[in-house]
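Structure data follow from upload_15.tsv (TSV, N, CA, C and O atoms):
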```tsv
chain	number	residue	atom	x	y	z
A	748	MET	N	0.84	-1.18	0.00
A	748	MET	CA	0.00	0.00	0.00
A	748	MET	C	0.89	1.24	0.00
A	748	MET	O	2.02	1.21	0.46
A	749	PHE	N	0.30	2.32	-0.48
A	749	PHE	CA	1.04	3.58	-0.52
A	749	PHE	C	0.08	4.75	-0.55
A	749	PHE	O	-1.10	4.60	-0.84
A	750	PHE	N	0.63	5.90	-0.21
A	750	PHE	CA	-0.08	7.16	-0.38
A	750	PHE	C	0.50	7.82	-1.61
A	750	PHE	O	1.70	7.70	-1.87
A	751	GLU	N	-0.29	8.54	-2.37
A	751	GLU	CA	0.22	9.29	-3.50
A	751	GLU	C	0.28	10.75	-3.08
A	751	GLU	O	-0.73	11.35	-2.73
A	752	ILE	N	1.51	11.30	-3.10
A	752	ILE	CA	1.75	12.69	-2.72
A	752	ILE	C	1.94	13.50	-3.99
A	752	ILE	O	2.76	13.13	-4.84
A	753	THR	N	1.19	14.57	-4.15
A	753	THR	CA	1.30	15.44	-5.32
A	753	THR	C	1.50	16.87	-4.83
A	753	THR	O	0.82	17.31	-3.90
A	754	ALA	N	2.45	17.58	-5.44
A	754	ALA	CA	2.71	18.97	-5.07
A	754	ALA	C	2.96	19.80	-6.33
A	754	ALA	O	3.57	19.33	-7.28
A	755	THR	N	2.46	21.02	-6.31
A	755	THR	CA	2.74	21.98	-7.37
A	755	THR	C	3.03	23.32	-6.71
A	755	THR	O	2.56	23.60	-5.61
A	756	GLY	N	3.82	24.13	-7.38
A	756	GLY	CA	4.17	25.42	-6.83
A	756	GLY	C	4.31	26.47	-7.91
A	756	GLY	O	4.29	26.17	-9.10
A	757	THR	N	4.46	27.70	-7.45
A	757	THR	CA	4.64	28.84	-8.35
A	757	THR	C	5.82	29.66	-7.87
A	757	THR	O	5.94	29.95	-6.67
A	758	ASN	N	6.70	30.02	-8.79
A	758	ASN	CA	7.84	30.87	-8.46
A	758	ASN	C	7.37	32.30	-8.18
A	758	ASN	O	6.27	32.69	-8.60
A	759	PRO	N	8.18	33.09	-7.47
A	759	PRO	CA	7.80	34.47	-7.16
A	759	PRO	C	7.42	35.31	-8.39
A	759	PRO	O	6.59	36.21	-8.29
A	760	ASP	N	8.02	34.99	-9.55
A	760	ASP	CA	7.70	35.77	-10.76
A	760	ASP	C	6.43	35.27	-11.46
A	760	ASP	O	6.06	35.76	-12.52
A	761	GLY	N	5.74	34.29	-10.87
A	761	GLY	CA	4.50	33.77	-11.44
A	761	GLY	C	4.66	32.58	-12.36
A	761	GLY	O	3.69	31.97	-12.78
A	762	SER	N	5.89	32.23	-12.69
A	762	SER	CA	6.13	31.08	-13.56
A	762	SER	C	5.93	29.78	-12.79
A	762	SER	O	6.02	29.76	-11.56
A	763	PRO	N	5.66	28.67	-13.51
A	763	PRO	CA	5.49	27.38	-12.83
A	763	PRO	C	6.75	27.00	-12.06
A	763	PRO	O	7.87	27.24	-12.52
A	764	GLY	N	6.56	26.46	-10.88
A	764	GLY	CA	7.68	26.03	-10.04
A	764	GLY	C	7.68	24.53	-9.85
A	764	GLY	O	7.49	23.77	-10.81
A	765	LEU	N	7.83	24.13	-8.63
A	765	LEU	CA	7.87	22.72	-8.26
A	765	LEU	C	6.62	22.00	-8.73
A	765	LEU	O	5.52	22.51	-8.65
A	766	SER	N	6.80	20.79	-9.25
A	766	SER	CA	5.68	19.96	-9.64
A	766	SER	C	6.11	18.51	-9.62
A	766	SER	O	7.04	18.13	-10.34
A	767	PHE	N	5.49	17.71	-8.77
A	767	PHE	CA	5.82	16.29	-8.75
A	767	PHE	C	4.68	15.47	-8.16
A	767	PHE	O	3.81	15.99	-7.49
A	768	SER	N	4.72	14.19	-8.45
A	768	SER	CA	3.81	13.21	-7.89
A	768	SER	C	4.65	12.01	-7.49
A	768	SER	O	5.42	11.51	-8.31
A	769	GLN	N	4.51	11.56	-6.27
A	769	GLN	CA	5.37	10.50	-5.75
A	769	GLN	C	4.55	9.51	-4.93
A	769	GLN	O	3.73	9.91	-4.12
A	770	ALA	N	4.79	8.23	-5.15
A	770	ALA	CA	4.18	7.18	-4.32
A	770	ALA	C	5.04	7.01	-3.07
A	770	ALA	O	6.25	6.87	-3.17
A	771	VAL	N	4.40	7.05	-1.91
A	771	VAL	CA	5.11	6.92	-0.63
A	771	VAL	C	4.58	5.68	0.08
A	771	VAL	O	3.39	5.61	0.40
A	772	PRO	N	5.45	4.69	0.34
A	772	PRO	CA	5.00	3.47	1.02
A	772	PRO	C	4.43	3.78	2.41
A	772	PRO	O	4.87	4.71	3.07
A	773	THR	N	3.45	3.00	2.82
A	773	THR	CA	2.85	3.19	4.15
A	773	THR	C	3.45	2.25	5.19
A	773	THR	O	2.93	2.15	6.29
A	774	SER	N	4.54	1.58	4.85
A	774	SER	CA	5.14	0.62	5.78
A	774	SER	C	6.46	1.14	6.33
A	774	SER	O	7.20	1.83	5.65
A	775	ILE	N	6.72	0.82	7.60
A	775	ILE	CA	8.01	1.10	8.21
A	775	ILE	C	8.51	-0.20	8.83
A	775	ILE	O	7.74	-1.10	9.13
A	776	TYR	N	9.83	-0.27	9.03
A	776	TYR	CA	10.41	-1.47	9.65
A	776	TYR	C	10.75	-1.16	11.10
A	776	TYR	O	11.36	-0.14	11.40
A	777	ARG	N	10.35	-2.04	12.00
A	777	ARG	CA	10.70	-1.93	13.41
A	777	ARG	C	11.37	-3.24	13.82
A	777	ARG	O	11.05	-4.30	13.27
A	778	PRO	N	12.26	-3.17	14.79
A	778	PRO	CA	12.95	-4.40	15.22
A	778	PRO	C	11.98	-5.49	15.67
A	778	PRO	O	12.17	-6.65	15.38
A	779	GLN	N	10.92	-5.15	16.37
A	779	GLN	CA	9.93	-6.12	16.81
A	779	GLN	C	8.56	-5.60	16.46
A	779	GLN	O	8.24	-4.48	16.86
A	780	PRO	N	7.70	-6.19	15.76
A	780	PRO	CA	7.76	-7.50	15.13
A	780	PRO	C	8.15	-7.45	13.66
A	780	PRO	O	7.89	-8.40	12.93
A	781	GLY	N	8.71	-6.37	13.16
A	781	GLY	CA	9.09	-6.30	11.74
A	781	GLY	C	8.33	-5.19	11.03
A	781	GLY	O	8.14	-4.12	11.58
A	782	TRP	N	7.90	-5.48	9.81
A	782	TRP	CA	7.21	-4.46	9.01
A	782	TRP	C	5.85	-4.12	9.59
A	782	TRP	O	5.08	-4.99	9.99
A	783	LYS	N	5.52	-2.82	9.62
A	783	LYS	CA	4.23	-2.33	10.12
A	783	LYS	C	3.64	-1.43	9.05
A	783	LYS	O	4.28	-0.50	8.57
A	784	ASN	N	2.40	-1.70	8.66
A	784	ASN	CA	1.71	-0.90	7.65
A	784	ASN	C	0.99	0.24	8.35
A	784	ASN	O	0.05	0.02	9.11
A	785	LEU	N	1.41	1.48	8.09
A	785	LEU	CA	0.80	2.65	8.72
A	785	LEU	C	-0.52	3.04	8.07
A	785	LEU	O	-1.23	3.90	8.58
A	786	GLY	N	-0.86	2.41	6.95
A	786	GLY	CA	-2.07	2.76	6.22
A	786	GLY	C	-3.29	1.95	6.61
A	786	GLY	O	-4.31	2.00	5.95
A	787	THR	N	-3.20	1.18	7.69
A	787	THR	CA	-4.34	0.38	8.11
A	787	THR	C	-4.68	0.65	9.57
A	787	THR	O	-3.87	1.16	10.33
A	788	VAL	N	-5.89	0.30	9.94
A	788	VAL	CA	-6.35	0.40	11.32
A	788	VAL	C	-7.28	-0.79	11.57
A	788	VAL	O	-7.89	-1.32	10.65
A	789	THR	N	-7.36	-1.23	12.80
A	789	THR	CA	-8.26	-2.34	13.14
A	789	THR	C	-9.65	-1.79	13.44
A	789	THR	O	-9.81	-0.90	14.28
A	790	ASP	N	-10.64	-2.29	12.73
A	790	ASP	CA	-12.03	-1.87	12.92
A	790	ASP	C	-12.53	-2.43	14.24
A	790	ASP	O	-12.58	-3.64	14.43
A	791	SER	N	-12.89	-1.55	15.16
A	791	SER	CA	-13.33	-2.00	16.49
A	791	SER	C	-14.65	-2.76	16.47
A	791	SER	O	-14.97	-3.48	17.41
A	792	ARG	N	-15.40	-2.62	15.38
A	792	ARG	CA	-16.69	-3.31	15.30
A	792	ARG	C	-16.53	-4.80	15.01
A	792	ARG	O	-17.33	-5.61	15.44
A	793	ASN	N	-15.48	-5.16	14.23
A	793	ASN	CA	-15.35	-6.56	13.84
A	793	ASN	C	-13.92	-7.12	13.98
A	793	ASN	O	-13.69	-8.28	13.70
A	794	GLY	N	-12.95	-6.28	14.39
A	794	GLY	CA	-11.58	-6.75	14.60
A	794	GLY	C	-10.79	-6.94	13.32
A	794	GLY	O	-9.66	-7.42	13.36
A	795	LYS	N	-11.36	-6.56	12.17
A	795	LYS	CA	-10.66	-6.73	10.89
A	795	LYS	C	-9.81	-5.50	10.57
A	795	LYS	O	-10.15	-4.38	10.95
A	796	ILE	N	-8.71	-5.75	9.85
A	796	ILE	CA	-7.84	-4.67	9.43
A	796	ILE	C	-8.49	-3.95	8.24
A	796	ILE	O	-8.95	-4.59	7.29
A	797	MET	N	-8.52	-2.62	8.30
A	797	MET	CA	-9.12	-1.80	7.24
A	797	MET	C	-8.12	-0.76	6.80
A	797	MET	O	-7.34	-0.31	7.61
A	798	PRO	N	-8.08	-0.22	5.65
A	798	PRO	CA	-8.77	-0.74	4.50
A	798	PRO	C	-8.02	-1.91	3.91
A	798	PRO	O	-6.84	-2.11	4.20
A	799	THR	N	-8.68	-2.64	3.06
A	799	THR	CA	-8.04	-3.72	2.31
A	799	THR	C	-8.21	-3.42	0.84
A	799	THR	O	-9.13	-2.72	0.44
A	800	GLY	N	-7.34	-3.92	0.02
A	800	GLY	CA	-7.42	-3.68	-1.41
A	800	GLY	C	-6.92	-2.30	-1.78
A	800	GLY	O	-6.31	-1.62	-0.97
A	801	ALA	N	-7.21	-1.89	-2.98
A	801	ALA	CA	-6.74	-0.61	-3.49
A	801	ALA	C	-7.56	0.54	-2.90
A	801	ALA	O	-8.77	0.44	-2.80
A	802	THR	N	-6.88	1.58	-2.49
A	802	THR	CA	-7.55	2.79	-2.02
A	802	THR	C	-6.96	3.97	-2.78
A	802	THR	O	-5.86	3.89	-3.30
A	803	ARG	N	-7.65	5.05	-2.81
A	803	ARG	CA	-7.15	6.23	-3.51
A	803	ARG	C	-7.53	7.46	-2.73
A	803	ARG	O	-8.52	7.58	-2.16
```

Re-express the file's structure as structure tokens.
Amino acid sequence: MFFEITATGTNPDGSPGLSFSQAVPTSIYRPQPGWKNLGTVTDSRNGKIMPTGATR
């Protein structure tokens, strides 16, 4: 899973500046228990991890 980060900017003279789109992973590595997905949460109603599948 990932988040899509998009940024655009304008230079002081009004011309187009910064412009990019980047996929940023939602996972980090920790010594215990390993990879953790920051893009999910446990649904308190049913104990399932949400979201699943593609999100935008």

Residues at most 6 Å from Glu751 of chain A, counting only N, CA, C and O atoms, excluding those fewer than 5 positions away in the same chain, as a list in words? Gln769, Ala770 and Val771 of chain A

Quote the spacing between atom N of Pro772 of chain A and atom O of Ala754 of chain A in Å to one decimal place. 16.6 Å

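Atom pair atom CA of Ile752 of chain A / atom O of Pro778 of chain A: separated by 28.5 Å.
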
Using DSSP on the backbone coordinates, identify all residues within chain A classified as strand (DSSP E or B); present the result as a VMD selection string. chain A and resid 749 to 757 763 to 772 774 to 777 781 to 784 788 to 789 796 to 797

Atom O of Thr753 of chain A and atom O of Ser766 of chain A are how many Å apart? 9.0 Å

So which residues touch Ile775 of chain A within 6 Å, counting only N, CA, C and O atoms, skipping near sequence neighbours fewer than 5 positions away, as a list in words? Gly781, Trp782, Lys783, Asn784 and Leu785 of chain A
